[in-house]
Amino acid sequence: MAQRPFIVGNWKMHGTRAMLSEARAIDRAAQRLMKVEVAIAPPFTLIHAVHREAEQIGVGAQDCHHAEGGAHTGDISAAMCADAGAKFVILGHSERRGDHGESDACVKQKADVALAAGLRVILCCGESLDVREKGKAVKFVTDQLRASLPHIEDAAEQLTIAYEPIWAIGTGKTATPQDVSDMHVAIRALLVELYGEEQGSEVRILYGGSVKAENARELMDADEVGGALVGGASLTADSFMGIAIAAAEVFEG
Ligand code: PGA
C-alpha cells in the first residue's frame, strides 16, 4: 500500500444518538493510529453531532441529491451535508442503486454536484453474483465506472473508488484476494486511461463487502487496495478499529 490506508465505516440506516459513544470511542482510538485515515458515514441525522465531537476521524454522508437544491421533498443536498460537517459523501452504493433505482448517469451527476460543493466522493461499484459467475465481473465494473465517474480536473485526492461485490455485502462472503487484485488492477488501469497517469494513480481504491478484523489483512494486502469500506463491522469501535489496526500493519509492511 503506497498511500496512508483509508478505512471508512458506512453505518447505513443504523444509529441514533445512543451510538455517539461508539463514534467517540472510534475517534479516541483513531488518535492513537495516525498511520491510518479513519472516517465514518453515519445517517444524515447524526452527521452534525459526530462532526462536533470528533477530533480525529472524518465524517461523511451516505448519499446526497443530484440537484444543487430545489423542490425535492425529503431529500438532502451536497451543500447541506457539507454545512452539517460532512467532508465526504458515499455515492452509488449498490443499496442506493437497488433500492432507489439510481442509474450510472444519476450517480455521475451526484458526484459532480458533490465535488462542486467541496465534498470528497467515495464512488461505489460492484457486480452481482450472476455477473461474476458468467465471468463478466471486470467488464461490468469497468463499464459501470466509465458511466458513473465524475470530472475531476486536477483533484484526484478528492475521489476514492470503493469496489464492493454485491454478493459480498452483509453476507459474510468475501472475494478472494486474487479476485480483489484482478479487479483493483483493472480499475487502476481505467483510472489512468480516463484521468492520466499522475491523477489516475493517486485515486485510492477501497475494497468493501464483509470486511472484518479477521480477514482485513489478506484483503488489504491485495494489489491496488488502499483501504476498506466497512458496513456491519463499523458499528462498534472494537470491531472497526481491529480493521484499522490490520490496515496499519499491512501499510508498515
Ligand atoms: P458489509 O457492508 O461490511 O456489512 O458487508 C459493506 C458496505 O455495504 O459498504
# chains A, B, ... in the order shown; residues from 1 in each chain; ligands from 1
>>> select_by_dssp(residues="region 128-200 of chain A", states="alpha helix (DSSP H)", output="MDAnalysis selection string")
chainID A and resid 129:133 137:148 177:200
>>> residues_around(residues="Ser239 (chain A)", least_positions_apart="2", cutoff="12 Å", atoms="only C-alpha atoms", output="list in words")
Gly9, Glu22, Ala25, Ile26, Ala29, Ser210, Val211, Lys212, Ala213, Glu214, Asn215, Ala216, Val230, Gly231, Gly232, Ala233, Ser234, Leu235, Thr236, Ala237, Met241, Gly242, Ile243, Ala244, Ile245 and Ala246 of chain A
>>> closest_residue(among="A:Ala41, A:Ile57, A:Ala116, A:Cys125", to="Ala78 (chain A)", atoms="only C-alpha atoms")
A:Ala116
>>> closest_residue(among="A:Ser148, A:Thr73, A:Ser94, A:Gln56", to="ligand 1", atoms="only C-alpha atoms and all ligand atoms")
A:Ser94
>>> residues_near_ligand(ligand="ligand 1", cutoff="10 Å", atoms="only C-alpha atoms and all ligand atoms", output="number ranges by chain")
A: 8-12, 62, 90, 93-95, 124, 162-174, 207-212, 228-235
>>> write_last_selection(atoms="C-alpha atoms", output="PDB file, in the first residue's frame")
ATOM      1  CA  VAL A   8     -14.358   4.125   6.206  1.00  0.00           C
ATOM      2  CA  GLY A   9     -17.356   2.954   8.220  1.00  0.00           C
ATOM      3  CA  ASN A  10     -20.740   3.008   6.498  1.00  0.00           C
ATOM      4  CA  TRP A  11     -23.325   2.926   9.274  1.00  0.00           C
ATOM      5  CA  LYS A  12     -26.216   2.604   6.783  1.00  0.00           C
ATOM      6  CA  GLN A  62     -24.071   8.119   2.711  1.00  0.00           C
ATOM      7  CA  ILE A  90     -20.531   7.855  -0.388  1.00  0.00           C
ATOM      8  CA  HIS A  93     -23.740   2.258  -3.198  1.00  0.00           C
ATOM      9  CA  SER A  94     -25.439  -0.882  -4.532  1.00  0.00           C
ATOM     10  CA  GLU A  95     -28.193  -0.456  -1.909  1.00  0.00           C
ATOM     11  CA  CYS A 124     -19.052   2.618  -5.236  1.00  0.00           C
ATOM     12  CA  ALA A 162     -14.944   1.515  -3.465  1.00  0.00           C
ATOM     13  CA  TYR A 163     -15.169  -1.880  -5.137  1.00  0.00           C
ATOM     14  CA  GLU A 164     -17.925  -3.809  -3.388  1.00  0.00           C
ATOM     15  CA  PRO A 165     -19.127  -7.045  -4.981  1.00  0.00           C
ATOM     16  CA  ILE A 166     -22.870  -7.048  -4.223  1.00  0.00           C
ATOM     17  CA  TRP A 167     -22.830 -10.729  -3.230  1.00  0.00           C
ATOM     18  CA  ALA A 168     -20.221  -9.993  -0.537  1.00  0.00           C
ATOM     19  CA  ILE A 169     -22.132  -7.173   1.181  1.00  0.00           C
ATOM     20  CA  GLY A 170     -23.532  -8.223   4.548  1.00  0.00           C
ATOM     21  CA  THR A 171     -23.271 -11.916   3.640  1.00  0.00           C
ATOM     22  CA  GLY A 172     -20.060 -12.973   5.363  1.00  0.00           C
ATOM     23  CA  LYS A 173     -18.666 -13.935   1.930  1.00  0.00           C
ATOM     24  CA  THR A 174     -15.635 -12.096   0.604  1.00  0.00           C
ATOM     25  CA  TYR A 207     -12.451  -2.915  -1.041  1.00  0.00           C
ATOM     26  CA  GLY A 208     -15.825  -3.461   0.638  1.00  0.00           C
ATOM     27  CA  GLY A 209     -18.020  -6.446   1.425  1.00  0.00           C
ATOM     28  CA  SER A 210     -17.924  -8.360   4.749  1.00  0.00           C
ATOM     29  CA  VAL A 211     -14.562  -6.919   5.783  1.00  0.00           C
ATOM     30  CA  LYS A 212     -13.730  -7.839   9.401  1.00  0.00           C
ATOM     31  CA  ALA A 228     -11.765  -0.628   3.156  1.00  0.00           C
ATOM     32  CA  LEU A 229     -15.405   0.432   3.162  1.00  0.00           C
ATOM     33  CA  VAL A 230     -16.943  -1.366   6.116  1.00  0.00           C
ATOM     34  CA  GLY A 231     -20.623  -1.852   6.933  1.00  0.00           C
ATOM     35  CA  GLY A 232     -21.599  -4.216   9.759  1.00  0.00           C
ATOM     36  CA  ALA A 233     -18.168  -4.315  11.411  1.00  0.00           C
ATOM     37  CA  SER A 234     -18.034  -0.493  11.659  1.00  0.00           C
ATOM     38  CA  LEU A 235     -20.853  -0.330  14.214  1.00  0.00           C
TER      39      LEU A 235
END
>>> select_by_dssp(residues="region 12-239 of chain A", states="strand (DSSP E)", output="ChimeraX atom specification")
/A:37-41,58-61,88-91,120-125,159-163,204-208,227-230
>>> closest_residue(among="A:Met183, A:Glu193, A:Val141, A:Gly92", to="Val225 (chain A)", atoms="only C-alpha atoms")
A:Met183
>>> residues_around(residues="Thr142 (chain A)", least_positions_apart="2", cutoff="9 Å", atoms="only C-alpha atoms", output="list in words")
Cys125, Ala137, Val138, Lys139, Phe140, Gln144, Leu145, Arg146, Ala147, Met183, Ala186, Ile187 and Leu190 of chain A
>>> write_last_selection(atoms="all heavy atoms", output="mmCIF file, in the first residue's frame")
data_model
loop_
_atom_site.group_PDB
_atom_site.id
_atom_site.type_symbol
_atom_site.label_atom_id
_atom_site.label_comp_id
_atom_site.auth_asym_id
_atom_site.auth_seq_id
_atom_site.Cartn_x
_atom_site.Cartn_y
_atom_site.Cartn_z
ATOM 1 N N CYS A 125 -18.829 0.758 -6.730
ATOM 2 C CA CYS A 125 -19.131 -0.047 -7.902
ATOM 3 C C CYS A 125 -19.087 -1.510 -7.463
ATOM 4 O O CYS A 125 -18.564 -1.823 -6.390
ATOM 5 C CB CYS A 125 -18.096 0.198 -9.001
ATOM 6 S SG CYS A 125 -16.393 -0.131 -8.465
ATOM 7 N N ALA A 137 -17.343 -10.044 -14.548
ATOM 8 C CA ALA A 137 -17.268 -9.043 -13.472
ATOM 9 C C ALA A 137 -16.420 -7.833 -13.854
ATOM 10 O O ALA A 137 -16.837 -6.689 -13.647
ATOM 11 C CB ALA A 137 -16.730 -9.704 -12.195
ATOM 12 N N VAL A 138 -15.234 -8.066 -14.416
ATOM 13 C CA VAL A 138 -14.344 -6.936 -14.703
ATOM 14 C C VAL A 138 -14.973 -6.013 -15.744
ATOM 15 O O VAL A 138 -14.979 -4.787 -15.597
ATOM 16 C CB VAL A 138 -12.944 -7.435 -15.161
ATOM 17 C CG1 VAL A 138 -12.122 -6.290 -15.725
ATOM 18 C CG2 VAL A 138 -12.206 -8.083 -13.986
ATOM 19 N N LYS A 139 -15.580 -6.604 -16.772
ATOM 20 C CA LYS A 139 -16.205 -5.766 -17.809
ATOM 21 C C LYS A 139 -17.369 -4.981 -17.219
ATOM 22 O O LYS A 139 -17.529 -3.783 -17.465
ATOM 23 C CB LYS A 139 -16.669 -6.643 -18.981
ATOM 24 C CG LYS A 139 -17.555 -5.904 -19.943
ATOM 25 C CD LYS A 139 -17.270 -6.214 -21.388
ATOM 26 C CE LYS A 139 -18.121 -5.460 -22.392
ATOM 27 N NZ LYS A 139 -18.472 -4.100 -22.092
ATOM 28 N N PHE A 140 -18.186 -5.647 -16.395
ATOM 29 C CA PHE A 140 -19.346 -4.972 -15.805
ATOM 30 C C PHE A 140 -18.900 -3.770 -14.965
ATOM 31 O O PHE A 140 -19.413 -2.661 -15.089
ATOM 32 C CB PHE A 140 -20.156 -5.947 -14.941
ATOM 33 C CG PHE A 140 -21.335 -5.293 -14.275
ATOM 34 C CD1 PHE A 140 -22.569 -5.245 -14.912
ATOM 35 C CD2 PHE A 140 -21.206 -4.693 -13.028
ATOM 36 C CE1 PHE A 140 -23.650 -4.602 -14.310
ATOM 37 C CE2 PHE A 140 -22.280 -4.052 -12.420
ATOM 38 C CZ PHE A 140 -23.506 -4.014 -13.066
ATOM 39 N N GLN A 144 -19.472 0.148 -15.611
ATOM 40 C CA GLN A 144 -20.250 0.911 -14.616
ATOM 41 C C GLN A 144 -19.466 2.171 -14.206
ATOM 42 O O GLN A 144 -20.039 3.266 -14.120
ATOM 43 C CB GLN A 144 -20.481 0.010 -13.394
ATOM 44 C CG GLN A 144 -21.440 0.556 -12.380
ATOM 45 C CD GLN A 144 -21.596 -0.388 -11.197
ATOM 46 O OE1 GLN A 144 -20.604 -0.897 -10.657
ATOM 47 N NE2 GLN A 144 -22.826 -0.621 -10.795
ATOM 48 N N LEU A 145 -18.169 2.000 -13.998
ATOM 49 C CA LEU A 145 -17.363 3.153 -13.586
ATOM 50 C C LEU A 145 -17.233 4.182 -14.708
ATOM 51 O O LEU A 145 -17.339 5.385 -14.470
ATOM 52 C CB LEU A 145 -15.965 2.693 -13.148
ATOM 53 C CG LEU A 145 -15.882 2.144 -11.727
ATOM 54 C CD1 LEU A 145 -14.483 1.630 -11.443
ATOM 55 C CD2 LEU A 145 -16.259 3.219 -10.696
ATOM 56 N N ARG A 146 -17.012 3.724 -15.921
ATOM 57 C CA ARG A 146 -16.907 4.648 -17.055
ATOM 58 C C ARG A 146 -18.112 5.586 -17.102
ATOM 59 O O ARG A 146 -17.998 6.764 -17.397
ATOM 60 C CB ARG A 146 -16.898 3.845 -18.360
ATOM 61 C CG ARG A 146 -15.601 3.835 -19.074
ATOM 62 C CD ARG A 146 -15.715 2.973 -20.327
ATOM 63 N NE ARG A 146 -14.522 2.176 -20.485
ATOM 64 C CZ ARG A 146 -13.338 2.654 -20.862
ATOM 65 N NH1 ARG A 146 -13.209 3.924 -21.156
ATOM 66 N NH2 ARG A 146 -12.288 1.876 -20.945
ATOM 67 N N ALA A 147 -19.301 4.996 -16.800
ATOM 68 C CA ALA A 147 -20.539 5.773 -16.896
ATOM 69 C C ALA A 147 -20.839 6.571 -15.617
ATOM 70 O O ALA A 147 -21.680 7.461 -15.636
ATOM 71 C CB ALA A 147 -21.698 4.830 -17.202
ATOM 72 N N MET A 183 -9.498 -7.223 -9.932
ATOM 73 C CA MET A 183 -10.451 -6.133 -10.140
ATOM 74 C C MET A 183 -9.799 -4.778 -9.881
ATOM 75 O O MET A 183 -9.979 -3.829 -10.651
ATOM 76 C CB MET A 183 -11.666 -6.328 -9.213
ATOM 77 C CG MET A 183 -12.752 -5.318 -9.446
ATOM 78 S SD MET A 183 -13.469 -5.439 -11.107
ATOM 79 C CE MET A 183 -14.588 -6.827 -10.882
ATOM 80 N N ALA A 186 -7.591 -3.722 -12.683
ATOM 81 C CA ALA A 186 -8.392 -3.276 -13.837
ATOM 82 C C ALA A 186 -8.959 -1.873 -13.595
ATOM 83 O O ALA A 186 -8.988 -1.026 -14.504
ATOM 84 C CB ALA A 186 -9.528 -4.269 -14.104
ATOM 85 N N ILE A 187 -9.383 -1.608 -12.368
ATOM 86 C CA ILE A 187 -9.923 -0.280 -12.040
ATOM 87 C C ILE A 187 -8.810 0.774 -12.142
ATOM 88 O O ILE A 187 -8.998 1.859 -12.668
ATOM 89 C CB ILE A 187 -10.573 -0.261 -10.633
ATOM 90 C CG1 ILE A 187 -11.823 -1.152 -10.631
ATOM 91 C CG2 ILE A 187 -10.920 1.158 -10.194
ATOM 92 C CD1 ILE A 187 -12.455 -1.372 -9.257
ATOM 93 N N LEU A 190 -8.195 1.674 -15.688
ATOM 94 C CA LEU A 190 -9.254 2.547 -16.199
ATOM 95 C C LEU A 190 -9.049 3.989 -15.709
ATOM 96 O O LEU A 190 -9.194 4.948 -16.475
ATOM 97 C CB LEU A 190 -10.628 2.028 -15.736
ATOM 98 C CG LEU A 190 -11.795 2.919 -16.147
ATOM 99 C CD1 LEU A 190 -12.044 2.825 -17.648
ATOM 100 C CD2 LEU A 190 -13.061 2.551 -15.385
#
>>> atom_distance(atom1="CA of Leu123 (chain A)", atom2="CA of Ala189 (chain A)")
16.4 Å
>>> residues_around(residues="Val250 (chain A)", least_positions_apart="3", cutoff="9 Å", atoms="only C-alpha atoms", output="PDB file with all heavy atoms, in the first residue's frame")
ATOM      1  N   MET A   1       0.851  -1.192   0.000  1.00  0.00           N
ATOM      2  CA  MET A   1       0.000   0.000   0.000  1.00  0.00           C
ATOM      3  C   MET A   1       0.887   1.243   0.000  1.00  0.00           C
ATOM      4  O   MET A   1       1.665   1.441   0.922  1.00  0.00           O
ATOM      5  CB  MET A   1      -0.845  -0.026   1.280  1.00  0.00           C
ATOM      6  CG  MET A   1      -2.318   0.165   1.044  1.00  0.00           C
ATOM      7  SD  MET A   1      -3.201   0.225   2.605  1.00  0.00           S
ATOM      8  CE  MET A   1      -3.625  -1.480   2.891  1.00  0.00           C
ATOM      9  N   ARG A 217      -6.437  -8.292   6.872  1.00  0.00           N
ATOM     10  CA  ARG A 217      -5.024  -8.269   6.484  1.00  0.00           C
ATOM     11  C   ARG A 217      -4.835  -8.789   5.053  1.00  0.00           C
ATOM     12  O   ARG A 217      -4.200  -8.149   4.227  1.00  0.00           O
ATOM     13  CB  ARG A 217      -4.206  -9.096   7.476  1.00  0.00           C
ATOM     14  CG  ARG A 217      -2.726  -8.862   7.374  1.00  0.00           C
ATOM     15  CD  ARG A 217      -1.984  -9.261   8.625  1.00  0.00           C
ATOM     16  NE  ARG A 217      -2.303  -8.379   9.719  1.00  0.00           N
ATOM     17  CZ  ARG A 217      -2.891  -8.746  10.865  1.00  0.00           C
ATOM     18  NH1 ARG A 217      -3.177  -9.951  11.084  1.00  0.00           N
ATOM     19  NH2 ARG A 217      -3.172  -7.880  11.802  1.00  0.00           N
ATOM     20  N   GLU A 218      -5.453  -9.942   4.753  1.00  0.00           N
ATOM     21  CA  GLU A 218      -5.216 -10.509   3.414  1.00  0.00           C
ATOM     22  C   GLU A 218      -5.903  -9.667   2.333  1.00  0.00           C
ATOM     23  O   GLU A 218      -5.403  -9.528   1.228  1.00  0.00           O
ATOM     24  CB  GLU A 218      -5.648 -11.982   3.326  1.00  0.00           C
ATOM     25  CG  GLU A 218      -7.109 -12.223   3.620  1.00  0.00           C
ATOM     26  CD  GLU A 218      -7.522 -13.668   3.338  1.00  0.00           C
ATOM     27  OE1 GLU A 218      -6.628 -14.522   3.242  1.00  0.00           O
ATOM     28  OE2 GLU A 218      -8.737 -13.904   3.205  1.00  0.00           O
ATOM     29  N   MET A 220      -6.413  -6.340   2.515  1.00  0.00           N
ATOM     30  CA  MET A 220      -5.666  -5.076   2.379  1.00  0.00           C
ATOM     31  C   MET A 220      -4.324  -5.274   1.673  1.00  0.00           C
ATOM     32  O   MET A 220      -3.743  -4.342   1.141  1.00  0.00           O
ATOM     33  CB  MET A 220      -5.409  -4.424   3.758  1.00  0.00           C
ATOM     34  CG  MET A 220      -6.639  -3.996   4.524  1.00  0.00           C
ATOM     35  SD  MET A 220      -7.669  -2.824   3.636  1.00  0.00           S
ATOM     36  CE  MET A 220      -8.971  -3.868   3.067  1.00  0.00           C
ATOM     37  N   ASP A 221      -3.861  -6.525   1.677  1.00  0.00           N
ATOM     38  CA  ASP A 221      -2.578  -6.847   1.064  1.00  0.00           C
ATOM     39  C   ASP A 221      -2.701  -7.078  -0.450  1.00  0.00           C
ATOM     40  O   ASP A 221      -1.709  -7.163  -1.157  1.00  0.00           O
ATOM     41  CB  ASP A 221      -2.031  -8.114   1.741  1.00  0.00           C
ATOM     42  CG  ASP A 221      -0.527  -8.099   1.793  1.00  0.00           C
ATOM     43  OD1 ASP A 221       0.060  -7.026   1.578  1.00  0.00           O
ATOM     44  OD2 ASP A 221       0.057  -9.167   2.030  1.00  0.00           O
ATOM     45  N   ILE A 245      -6.333  -1.376  12.537  1.00  0.00           N
ATOM     46  CA  ILE A 245      -5.019  -1.845  13.019  1.00  0.00           C
ATOM     47  C   ILE A 245      -4.400  -2.808  11.998  1.00  0.00           C
ATOM     48  O   ILE A 245      -3.213  -2.723  11.670  1.00  0.00           O
ATOM     49  CB  ILE A 245      -5.158  -2.505  14.414  1.00  0.00           C
ATOM     50  CG1 ILE A 245      -5.459  -1.423  15.447  1.00  0.00           C
ATOM     51  CG2 ILE A 245      -3.916  -3.305  14.802  1.00  0.00           C
ATOM     52  CD1 ILE A 245      -5.958  -1.935  16.790  1.00  0.00           C
ATOM     53  N   ALA A 246      -5.246  -3.697  11.441  1.00  0.00           N
ATOM     54  CA  ALA A 246      -4.733  -4.628  10.416  1.00  0.00           C
ATOM     55  C   ALA A 246      -4.219  -3.846   9.205  1.00  0.00           C
ATOM     56  O   ALA A 246      -3.162  -4.160   8.645  1.00  0.00           O
ATOM     57  CB  ALA A 246      -5.841  -5.595   9.996  1.00  0.00           C
ATOM     58  N   ALA A 247      -4.942  -2.797   8.817  1.00  0.00           N
ATOM     59  CA  ALA A 247      -4.515  -1.993   7.656  1.00  0.00           C
ATOM     60  C   ALA A 247      -3.186  -1.301   7.961  1.00  0.00           C
ATOM     61  O   ALA A 247      -2.299  -1.229   7.094  1.00  0.00           O
ATOM     62  CB  ALA A 247      -5.589  -0.957   7.307  1.00  0.00           C
ATOM     63  N   GLY A 253       4.204  -2.844   6.381  1.00  0.00           N
ATOM     64  CA  GLY A 253       4.923  -3.952   5.743  1.00  0.00           C
ATOM     65  C   GLY A 253       5.304  -4.972   6.748  1.00  0.00           C
ATOM     66  O   GLY A 253       6.318  -5.168   7.265  1.00  0.00           O
TER      67      GLY A 253
END
>>> residues_around(residues="Glu37 (chain A)", least_positions_apart="6", cutoff="7 Å", atoms="only C-alpha atoms", output="JSON list (two decimals) with C-alpha atoms, in the first residue's frame")
[["chain", "number", "residue", "atom", "x", "y", "z"],
["A", 4, "ARG", "CA", -1.93, 6.00, 4.03],
["A", 5, "PRO", "CA", -4.80, 3.47, 4.21],
["A", 6, "PHE", "CA", -8.34, 4.89, 4.28],
["A", 7, "ILE", "CA", -10.77, 2.92, 6.48]]
>>> atom_distance(atom1="CA of Ala105 (chain A)", atom2="CA of Ala117 (chain A)")
18.5 Å
>>> closest_residue(among="A:Arg24, A:Lys136, A:His14, A:His184", to="Ala39 (chain A)", atoms="only C-alpha atoms")
A:Arg24
>>> atom_distance(atom1="CA of Val131 (chain A)", atom2="CA of Val89 (chain A)")
27.0 Å
